[in-house]
Amino acid sequence: MSTRREFISLLGGAATWPLAARAQPAALPMIGFVRSATLSDIPHLMTGFRQGLNESGFFEARNVVVEYRSAEGRSDRLPGILADLIGRQTALIVANSVAARAAKTVTTTVPILFVYGGDPVKDGFVQSLNRPGGNVTGVAFFSETLGTKRLDLLRQLAPYTKTIALLVSPATPGNEEERADIAAAARTVGQELIIANVRSDREIDSAFQTFVTGGAGAVLVGSGAFITSHRERIVELAARHRLPAMAVVREYVSDGGLMSYGTNISDAYRQAGIYAGRILKGEKPADLPVVQSTKFEFVLNLKTAKALGLEVPDKLLALADEVIE
């Protein structure tokens, strides 16, 4: 009798095992969120990305996994990071400009979503904005093309400044065009420029010493992940040397900088999150037109202006979308 019961018990276990196996949840799709610079200073961008995912019906740990990776300013680490993610069957890669460029060399099949401020056609990411082709699309906020406008706003606040300094990160795609546009605009109005290319903390410190030695009376801060990730240091140096400075991202002003003009980049990442959701649902990057952010904002910090002894013209105040007092 006992032998019969044991046989029935084993038979029952064998019969139910395939049902249990079928009941196991499928592995969640994984997104690789890759950045050439540090992640520690962009929680607002990650929040924007998650918001976009949520709007598309995807929630971390519930029906999607997001792996956050950073090269910490070492672009040579990106191929290894990307190869690891792709080897783990990542569904798509979300990347800033430098990381997206590296991703294009690693895979032609895994979808790549870029989020950056350059021209993706000129920089070779897509064939056209409306029909990207291939495995790449994303969000472009064209911040490099706004350099002329930022120069104009800075000159309105510091009208008697003979020389303006320009801080540029040469590793960022599109920054050569940004620098050329600003230089051309400066020549048109007779504005002298001191240009410094920076790739490290030490070079940022040296650049400000060069600006002071060269008699610069204001600083135009260029775009790109490297400069954004060092915004607190730039704010500190501008304050120490009493240099009015214009930046690209509003977070620079929130951290104590004087003013910024550019796209709301948190919203750009929200749009990238929406596109990520559409790709996870089966749409192809080749069929998704590049999103062109058009939401620009001019942010001004009156407290910093006062500390620098600047009189802010009423006209400039009227132009500001946000004033921090």
# chains A, B, ... in the order shown; residues from 1 in each chain; ligands from 1

$ closest_atom_pairs --of "region 214-308 of chain A" --to "region 172-190 of chain A" --cutoff "8 Å" --atoms "only C-alpha atoms" --output "CSV"
residue,atom,partner,partner_atom,distance
A:Gly222,CA,A:Asn175,CA,7.8
A:Ser223,CA,A:Asn175,CA,7.3
A:Gly224,CA,A:Thr172,CA,5.7
A:Ala225,CA,A:Thr172,CA,7.5

$ residues_around --residues "Arg250 (chain A)" --least-positions-apart "5" --cutoff "9 Å" --atoms "only C-alpha atoms" --output "PyMOL selection string"
chain A and resi 255+257+259-265+297-300

$ write_last_selection --atoms "C-alpha atoms" --output "short mmCIF file (atom, residue, chain, number, x, y, z; two decimals), in the first residue's frame"
data_model
loop_
_atom_site.label_atom_id
_atom_site.label_comp_id
_atom_site.auth_asym_id
_atom_site.auth_seq_id
_atom_site.Cartn_x
_atom_site.Cartn_y
_atom_site.Cartn_z
CA ASP A 255 22.87 75.46 -8.24
CA GLY A 257 24.74 80.10 -11.44
CA MET A 259 21.53 82.42 -15.96
CA SER A 260 20.75 79.79 -18.58
CA TYR A 261 19.00 79.53 -21.90
CA GLY A 262 18.13 76.21 -23.48
CA THR A 263 15.75 73.31 -23.72
CA ASN A 264 14.10 71.69 -20.75
CA ILE A 265 16.28 68.58 -20.85
CA GLU A 297 13.48 78.56 -21.26
CA PHE A 298 15.49 81.53 -20.04
CA VAL A 299 16.22 81.29 -16.30
CA LEU A 300 17.79 84.10 -14.28
#

$ select_by_dssp --residues "region 203-322 of chain A" --states "strand (DSSP E or B)" --output "count of residues only"
21

$ select_by_dssp --residues "region 144-226 of chain A" --states "alpha helix (DSSP H)" --output "PyMOL selection string"
chain A and resi 147-157+175-189+201-213+225-226

$ residues_around --residues "Ser75 (chain A)" --least-positions-apart "4" --cutoff "10 Å" --atoms "only C-alpha atoms" --output "list in words"
Arg35, Ser36, Ala37, Ser70, Ala71, Pro79, Val98, Ala99, Ala102 and Ala171 of chain A

$ residues_around --residues "Pro313 (chain A)" --least-positions-apart "6" --cutoff "12 Å" --atoms "only C-alpha atoms" --output "JSON, numbers by chain"
{"A": [153, 154, 155, 156, 157, 158, 159, 300, 302, 305, 319, 320]}

$ closest_residue --among "A:Ala61, A:Tyr269, A:Ala239, A:Asn135" --to "Ala307 (chain A)" --atoms "only C-alpha atoms"
A:Ala239

$ closest_residue --among "A:Ala165, A:Leu28, A:Leu129, A:Ile324" --to "Pro289 (chain A)" --atoms "only C-alpha atoms"
A:Leu129

$ atom_distance --atom1 "CA of Asn130 (chain A)" --atom2 "CA of Ala286 (chain A)"
9.2 Å

$ closest_residue --among "A:Leu280, A:Val212, A:Val64, A:Leu220" --to "Ile112 (chain A)" --atoms "only C-alpha atoms"
A:Leu280
